[in-house]
file query_24.tsv (TSV, C-alpha atoms)
chain	number	residue	atom	x	y	z
B	262	MET	CA	0.00	0.00	0.00
B	263	ALA	CA	1.36	3.44	-0.94
B	264	ALA	CA	2.51	5.80	1.76
B	265	GLY	CA	-0.12	8.37	0.74
B	266	GLN	CA	-2.89	5.80	1.11
B	267	ASN	CA	-1.48	4.64	4.43
B	268	CYS	CA	-2.14	8.03	5.99
B	269	LEU	CA	-5.88	7.52	5.39
B	270	VAL	CA	-5.80	4.08	6.94
B	271	THR	CA	-3.79	5.24	9.95
B	272	ASN	CA	-5.97	8.37	10.26
B	273	ASP	CA	-3.10	10.86	10.31
B	274	TRP	CA	-3.71	14.57	10.92
B	275	ILE	CA	-1.73	15.53	7.81
B	276	CYS	CA	-2.59	13.44	4.79
B	277	GLY	CA	-1.74	14.34	1.21
B	278	GLU	CA	-3.94	11.57	-0.16
B	279	TYR	CA	-6.96	13.16	1.53
B	280	LEU	CA	-6.25	16.49	-0.17
B	281	ARG	CA	-5.87	14.78	-3.54
B	282	SER	CA	-8.91	12.51	-3.33
B	283	ARG	CA	-11.27	15.08	-1.76
B	284	SER	CA	-10.16	18.20	-3.65
B	285	GLN	CA	-13.57	18.77	-5.29
B	286	GLU	CA	-15.39	18.31	-1.98
B	287	LEU	CA	-13.06	20.82	-0.33
B	288	THR	CA	-13.52	23.29	-3.18
B	289	ASP	CA	-17.32	23.05	-3.06
B	290	ALA	CA	-17.38	23.53	0.72
B	291	THR	CA	-15.03	26.51	0.51
B	292	VAL	CA	-17.10	28.17	-2.22
B	293	GLN	CA	-20.28	27.69	-0.19
B	294	HIS	CA	-18.56	29.11	2.88
B	295	ILE	CA	-17.41	32.21	0.99
B	296	TRP	CA	-20.82	32.71	-0.61
B	297	ILE	CA	-22.74	32.49	2.68
B	298	THR	CA	-20.26	34.82	4.41
B	299	ALA	CA	-20.24	37.44	1.64
B	300	VAL	CA	-24.03	37.54	1.30
B	301	SER	CA	-24.51	37.73	5.08
B	302	VAL	CA	-22.06	40.61	5.55
B	303	LEU	CA	-23.41	42.60	2.58
B	304	ILE	CA	-27.01	42.24	3.74
B	305	GLY	CA	-25.93	43.01	7.30
B	306	LEU	CA	-24.25	46.20	6.12
B	307	ALA	CA	-27.35	47.21	4.15
B	308	VAL	CA	-29.51	46.73	7.26
B	309	ALA	CA	-27.05	48.21	9.75
B	310	PHE	CA	-26.52	51.51	7.92
B	311	PRO	CA	-30.10	52.82	8.22
B	312	LEU	CA	-30.24	51.52	11.79
B	313	ALA	CA	-27.10	53.53	12.61
B	314	LEU	CA	-28.64	56.62	11.02
B	315	LEU	CA	-31.75	56.10	13.13
B	316	ALA	CA	-29.70	55.64	16.30
B	317	ARG	CA	-27.82	58.85	15.55
B	318	ARG	CA	-31.01	60.88	15.84
B	319	GLY	CA	-30.84	60.81	19.62
B	320	ARG	CA	-31.06	58.68	22.76
B	321	ARG	CA	-34.73	58.04	22.10
B	322	PHE	CA	-33.73	55.91	19.12
B	323	ALA	CA	-30.18	54.90	20.07
B	324	GLY	CA	-31.23	52.97	23.17
B	325	PRO	CA	-33.74	50.63	21.45
B	326	VAL	CA	-31.57	50.11	18.36
B	327	LEU	CA	-28.36	49.32	20.24
B	328	GLY	CA	-30.23	47.32	22.85
B	329	LEU	CA	-32.02	45.18	20.25
B	330	THR	CA	-28.86	44.41	18.27
B	331	THR	CA	-27.04	43.50	21.48
B	332	VAL	CA	-29.83	41.16	22.57
B	333	LEU	CA	-29.80	39.46	19.16
B	334	TYR	CA	-26.06	38.90	19.46
B	335	THR	CA	-26.49	37.11	22.80
B	336	VAL	CA	-29.02	34.57	21.48
B	337	PRO	CA	-27.35	31.13	21.16
B	338	SER	CA	-26.96	30.04	17.55
B	339	LEU	CA	-29.04	26.88	17.96
B	340	ALA	CA	-31.87	28.88	19.52
B	341	MET	CA	-31.62	31.50	16.77
B	342	PHE	CA	-31.89	28.89	14.02
B	343	SER	CA	-34.80	27.23	15.82
B	344	LEU	CA	-36.69	30.54	15.98
B	345	LEU	CA	-36.06	31.23	12.29
B	346	LEU	CA	-36.81	27.68	11.12
B	347	PRO	CA	-40.61	28.17	10.69
B	348	LEU	CA	-39.94	31.15	8.42
B	349	PHE	CA	-37.16	29.82	6.20
B	350	GLY	CA	-37.14	26.06	6.58
B	351	LEU	CA	-33.92	24.06	6.16
B	352	SER	CA	-32.39	26.44	3.62
B	353	ALA	CA	-29.36	28.65	3.15
B	354	ALA	CA	-31.64	31.63	3.84
B	355	LEU	CA	-32.01	30.37	7.41
B	356	VAL	CA	-28.25	30.48	7.96
B	357	VAL	CA	-27.80	33.81	6.16
B	358	THR	CA	-30.57	35.49	8.18
B	359	GLY	CA	-29.09	34.29	11.44
B	360	LEU	CA	-25.63	35.53	10.47
B	361	VAL	CA	-27.06	38.91	9.41
B	362	LEU	CA	-28.69	39.34	12.81
B	363	TYR	CA	-25.45	38.45	14.58
B	364	SER	CA	-23.46	40.96	12.50
B	365	LEU	CA	-25.71	43.92	13.33
B	366	THR	CA	-24.32	44.70	16.78
B	367	VAL	CA	-20.78	45.17	15.43
B	368	LEU	CA	-21.76	46.97	12.24
B	369	VAL	CA	-24.29	49.36	13.79
B	370	ARG	CA	-21.96	50.39	16.60
B	371	ASN	CA	-18.98	50.98	14.30
B	372	ILE	CA	-20.98	52.92	11.72
B	373	LEU	CA	-22.52	55.03	14.49
B	374	ALA	CA	-19.11	55.65	16.07
B	375	GLY	CA	-17.66	56.71	12.73
B	376	LEU	CA	-20.50	59.11	11.96
B	377	GLU	CA	-20.39	60.66	15.44
B	378	ALA	CA	-16.62	61.18	15.12
B	379	VAL	CA	-17.00	63.46	12.07
B	380	PRO	CA	-15.72	66.92	13.09
B	381	PRO	CA	-18.55	69.46	13.48
B	382	GLU	CA	-16.48	72.04	11.60
B	383	ALA	CA	-16.35	69.79	8.55
B	384	LYS	CA	-20.12	69.50	8.52
B	385	GLU	CA	-20.59	73.22	9.08
B	386	ALA	CA	-18.23	74.00	6.22
B	387	ALA	CA	-20.18	71.67	3.92
B	388	ARG	CA	-23.49	73.25	4.92
B	389	GLY	CA	-21.99	76.65	4.23
B	390	MET	CA	-21.18	75.46	0.72
B	391	GLY	CA	-24.82	74.55	0.17
B	392	TYR	CA	-24.70	70.82	0.88
B	393	GLY	CA	-28.09	69.29	1.66
B	394	PRO	CA	-28.57	66.46	4.18
B	395	LEU	CA	-28.09	63.63	1.66
B	396	ARG	CA	-25.10	65.18	-0.04
B	397	LEU	CA	-23.58	65.99	3.33
B	398	LEU	CA	-24.03	62.37	4.40
B	399	TRP	CA	-22.57	60.69	1.29
B	400	GLU	CA	-19.87	63.18	0.35
B	401	VAL	CA	-18.63	64.30	3.77
B	402	GLU	CA	-19.78	62.14	6.67
B	403	VAL	CA	-19.49	58.67	5.13
B	404	PRO	CA	-15.97	59.25	3.73
B	405	LEU	CA	-14.80	60.53	7.10
B	406	ALA	CA	-16.48	57.61	8.87
B	407	LEU	CA	-14.87	54.99	6.59
B	408	PRO	CA	-12.05	53.93	8.96
B	409	ALA	CA	-14.52	52.99	11.71
B	410	LEU	CA	-17.00	51.55	9.20
B	411	MET	CA	-14.38	49.35	7.56
B	412	ALA	CA	-13.11	48.23	10.96
B	413	GLY	CA	-16.64	47.04	11.70
B	414	VAL	CA	-16.89	45.25	8.36
B	415	ARG	CA	-13.60	43.46	9.01
B	416	ILE	CA	-14.69	42.29	12.46
B	417	ALA	CA	-18.10	41.23	11.18
B	418	THR	CA	-16.56	39.33	8.27
B	419	VAL	CA	-14.09	37.39	10.40
B	420	SER	CA	-16.73	36.51	12.99
B	421	THR	CA	-19.20	35.50	10.25
B	422	ILE	CA	-16.63	33.16	8.70
B	423	ALA	CA	-16.36	31.43	12.07
B	424	LEU	CA	-20.12	31.38	12.71
B	425	THR	CA	-20.93	30.02	9.26
B	426	THR	CA	-19.69	26.62	10.40
B	427	VAL	CA	-22.71	26.40	12.74
B	428	GLY	CA	-24.87	26.09	9.63
B	429	SER	CA	-23.61	22.53	9.36
B	430	ILE	CA	-26.52	21.47	11.59
B	431	ILE	CA	-28.76	21.87	8.53
B	432	GLY	CA	-26.11	21.02	5.94
B	433	LYS	CA	-25.48	24.66	4.96
B	434	GLY	CA	-22.28	25.37	6.86
B	435	GLY	CA	-19.64	25.35	4.15
B	436	LEU	CA	-16.47	24.00	5.66
B	437	GLY	CA	-18.43	23.36	8.84
B	438	ASN	CA	-20.18	20.53	7.00
B	439	LEU	CA	-16.87	18.73	6.61
B	440	ILE	CA	-16.00	19.25	10.27
B	441	GLY	CA	-19.41	17.99	11.38
B	442	ASP	CA	-19.23	14.93	9.13
B	443	ALA	CA	-15.74	14.06	10.37
B	444	LEU	CA	-16.35	14.35	14.10
B	445	PRO	CA	-18.35	11.12	14.70
B	446	SER	CA	-15.51	9.00	13.30
B	447	PHE	CA	-12.86	11.56	14.28
B	448	PHE	CA	-11.47	11.74	10.75
B	449	LYS	CA	-8.39	13.78	11.66
B	450	ALA	CA	-7.29	14.90	8.19
B	451	GLN	CA	-10.75	16.25	7.37
B	452	VAL	CA	-11.15	18.06	10.69
B	453	LEU	CA	-7.72	19.68	10.43
B	454	THR	CA	-7.99	20.61	6.74
B	455	ALA	CA	-11.43	22.20	7.09
B	456	SER	CA	-10.36	24.07	10.23
B	457	VAL	CA	-7.19	25.38	8.60
B	458	LEU	CA	-9.16	26.51	5.54
B	459	CYS	CA	-11.55	28.44	7.83
B	460	VAL	CA	-8.60	30.22	9.43
B	461	LEU	CA	-7.05	30.97	6.04
B	462	LEU	CA	-10.35	32.38	4.79
B	463	ALA	CA	-10.61	34.67	7.82
B	464	VAL	CA	-7.02	35.91	7.48
B	465	THR	CA	-7.34	36.42	3.73
B	466	ALA	CA	-10.65	38.28	4.04
B	467	ASP	CA	-9.25	40.53	6.76
B	468	LEU	CA	-6.16	41.38	4.70
B	469	LEU	CA	-8.25	42.08	1.58
B	470	LEU	CA	-10.60	44.36	3.50
B	471	LEU	CA	-7.63	46.10	5.10
B	472	GLY	CA	-6.28	46.74	1.61
B	473	VAL	CA	-9.64	48.16	0.52
B	474	GLN	CA	-9.71	50.35	3.62
B	475	ARG	CA	-6.26	51.73	2.85
B	476	LEU	CA	-7.26	52.48	-0.74
B	477	LEU	CA	-10.41	54.29	0.36
B	478	THR	CA	-8.70	56.24	3.16
B	479	PRO	CA	-5.33	57.37	1.75
B	480	TRP	CA	-5.00	60.14	4.35
B	481	THR	CA	-4.53	57.54	7.10
B	482	ARG	CA	-1.26	56.43	5.46
B	483	ILE	CA	0.37	59.82	5.21
B	484	CYS	CA	-0.65	61.52	8.44
B	485	THR	CA	0.09	61.02	12.09
B	486	PRO	CA	-2.75	59.49	14.14
B	487	ARG	CA	-3.65	62.84	15.73
B	488	ALA	CA	-3.86	64.53	12.39
B	489	ASP	CA	-5.90	61.81	10.65
B	490	THR	CA	-9.31	63.41	11.17
B	491	ALA	CA	-8.23	66.89	10.13
B	492	ALA	CA	-6.48	65.60	7.01
B	493	ALA	CA	-9.50	63.56	6.05
B	494	ALA	CA	-11.72	66.62	6.32
B	495	GLU	CA	-9.40	68.51	4.00
B	496	ALA	CA	-9.35	65.60	1.54
B	497	VAL	CA	-13.14	65.63	1.32
call {"tool": "encode", "arguments": {"input": "query_24.tsv", "output": "structure tokens"}}
result
Amino acid sequence: MAAGQNCLVTNDWICGEYLRSRSQELTDATVQHIWITAVSVLIGLAVAFPLALLARRGRRFAGPVLGLTTVLYTVPSLAMFSLLLPLFGLSAALVVTGLVLYSLTVLVRNILAGLEAVPPEAKEAARGMGYGPLRLLWEVEVPLALPALMAGVRIATVSTIALTTVGSIIGKGGLGNLIGDALPSFFKAQVLTASVLCVLLAVTADLLLLGVQRLLTPWTRICTPRADTAAAAEAV
């Protein structure tokens, strides 16, 4: 028996034969994992932005919005999926909806923090130039809030990559499916490979988003930390 095949028989942690024979299975699981994560974060961002704008209107709105998103984040994943099951059934939408709800607490708080950190003088200068509320928001406030916003997106993305594995309980967990399938027989190579791929996905996503953040906020690369906000206002 070949050495590569022996590692499957002896159930080694590192097994080249496993990678070769299960390459398509690993690829499919990775693609599903990326798809579920990307959709969840994008929908979460689309939901979190208006919630952050609502929370910014004052304590009357901030308390309920921040409180609700925090409560949602504390709900155990199994309980969350059980509550959503009657609405979505055993589908990918069930997993995506749960992940969206979990991402809101991070995204809403970071977007809100970024918007509240915009210097009042920058907003006053824009109003003096005739900027209306919408133009002020998209051309002044959002650009200046990008560092905090992108930080929230990075955290939400990494945490969503980890939480996606929980979807394996309904067969929609990407790499989590492989981990779940391997645990009863303790198939070491599959557990290790799927786990390492999850970590690599998280690191890669974080680095890519960091690169996007640096492209969108060039002033943070050329200024000292104390001068970042002022330089950004001038750039806008």
call {"tool": "atom_distance", "arguments": {"input": "query_24.tsv", "atom1": "atom CA of Tyr279 of chain B", "atom2": "atom CA of Gln451 of chain B"}}
result
7.6 Å
call {"tool": "atom_distance", "arguments": {"input": "query_24.tsv", "atom1": "atom CA of Leu280 of chain B", "atom2": "atom CA of Ser446 of chain B"}}
result
18.0 Å
call {"tool": "residues_around", "arguments": {"input": "query_24.tsv", "residues": "Val367 of chain B", "least_positions_apart": "6", "cutoff": "8 Å", "atoms": "all atoms listed in the file", "output": "ChimeraX atom specification"}}
result
/B:413,416-417
call {"tool": "residues_around", "arguments": {"input": "query_24.tsv", "residues": "segment 374-380 of chain B", "least_positions_apart": "6", "cutoff": "7 Å", "atoms": "all atoms listed in the file", "output": "list of chain:residue names"}}
result
B:Glu402, B:Val403, B:Leu405, B:Ala406, B:Leu407, B:Ala409, B:Leu410
call {"tool": "residues_around", "arguments": {"input": "query_24.tsv", "residues": "segment 312-323 of chain B", "least_positions_apart": "2", "cutoff": "7 Å", "atoms": "only C-alpha atoms", "output": "VMD selection string"}}
result
chain B and resid 308 to 310 325 to 327 369 372 to 373
call {"tool": "closest_residue", "arguments": {"input": "query_24.tsv", "among": "B:Arg370, B:Ile275, B:Leu462, B:Leu333", "to": "Pro311 of chain B", "atoms": "only C-alpha atoms"}}
result
B:Arg370
call {"tool": "atom_distance", "arguments": {"input": "query_24.tsv", "atom1": "atom CA of Ser456 of chain B", "atom2": "atom CA of Arg415 of chain B"}}
result
19.7 Å
call {"tool": "residues_near_point", "arguments": {"input": "query_24.tsv", "point": "(-22.2, 15.3, 1.9)", "cutoff": "12 Å", "atoms": "all atoms listed in the file", "output": "JSON, numbers by chain"}}
result
{"B": [283, 285, 286, 287, 289, 290, 429, 431, 432, 433, 434, 435, 436, 437, 438, 439, 440, 441, 442, 443]}
call {"tool": "closest_residue", "arguments": {"input": "query_24.tsv", "among": "B:Trp480, B:Phe448, B:Tyr392, B:Tyr363", "to": "Asp273 of chain B", "atoms": "only C-alpha atoms"}}
result
B:Phe448
call {"tool": "closest_residue", "arguments": {"input": "query_24.tsv", "among": "B:Arg388, B:Thr366, B:Val414, B:Thr271", "to": "Val332 of chain B", "atoms": "all atoms listed in the file"}}
result
B:Thr366
call {"tool": "closest_residue", "arguments": {"input": "query_24.tsv", "among": "B:Met341, B:Val473, B:Thr478, B:Ile422", "to": "Val460 of chain B", "atoms": "all atoms listed in the file"}}
result
B:Ile422
call {"tool": "axis_aligned_box", "arguments": {"input": "query_24.tsv", "around": "segment 400-417 of chain B", "padding_each_side": "8 Å", "output": "JSON"}}
result
{"center_x": -16.0, "center_y": 52.8, "center_z": 6.4, "size_x": 23.8, "size_y": 39.1, "size_z": 28.1}
call {"tool": "closest_residue", "arguments": {"input": "query_24.tsv", "among": "B:Ala463, B:Ala455, B:Ala386, B:Val302", "to": "Ser284 of chain B", "atoms": "all atoms listed in the file"}}
result
B:Ala455
call {"tool": "closest_residue", "arguments": {"input": "query_24.tsv", "among": "B:Leu453, B:Leu469, B:Leu476, B:Ala354", "to": "Trp296 of chain B", "atoms": "only C-alpha atoms"}}
result
B:Ala354
call {"tool": "residues_around", "arguments": {"input": "query_24.tsv", "residues": "Lys384 of chain B", "least_positions_apart": "5", "cutoff": "10 Å", "atoms": "all atoms listed in the file", "output": "NGL selection string"}}
result
:B and (379 or 389-390 or 392 or 394 or 397-398 or 401-402 or 494)
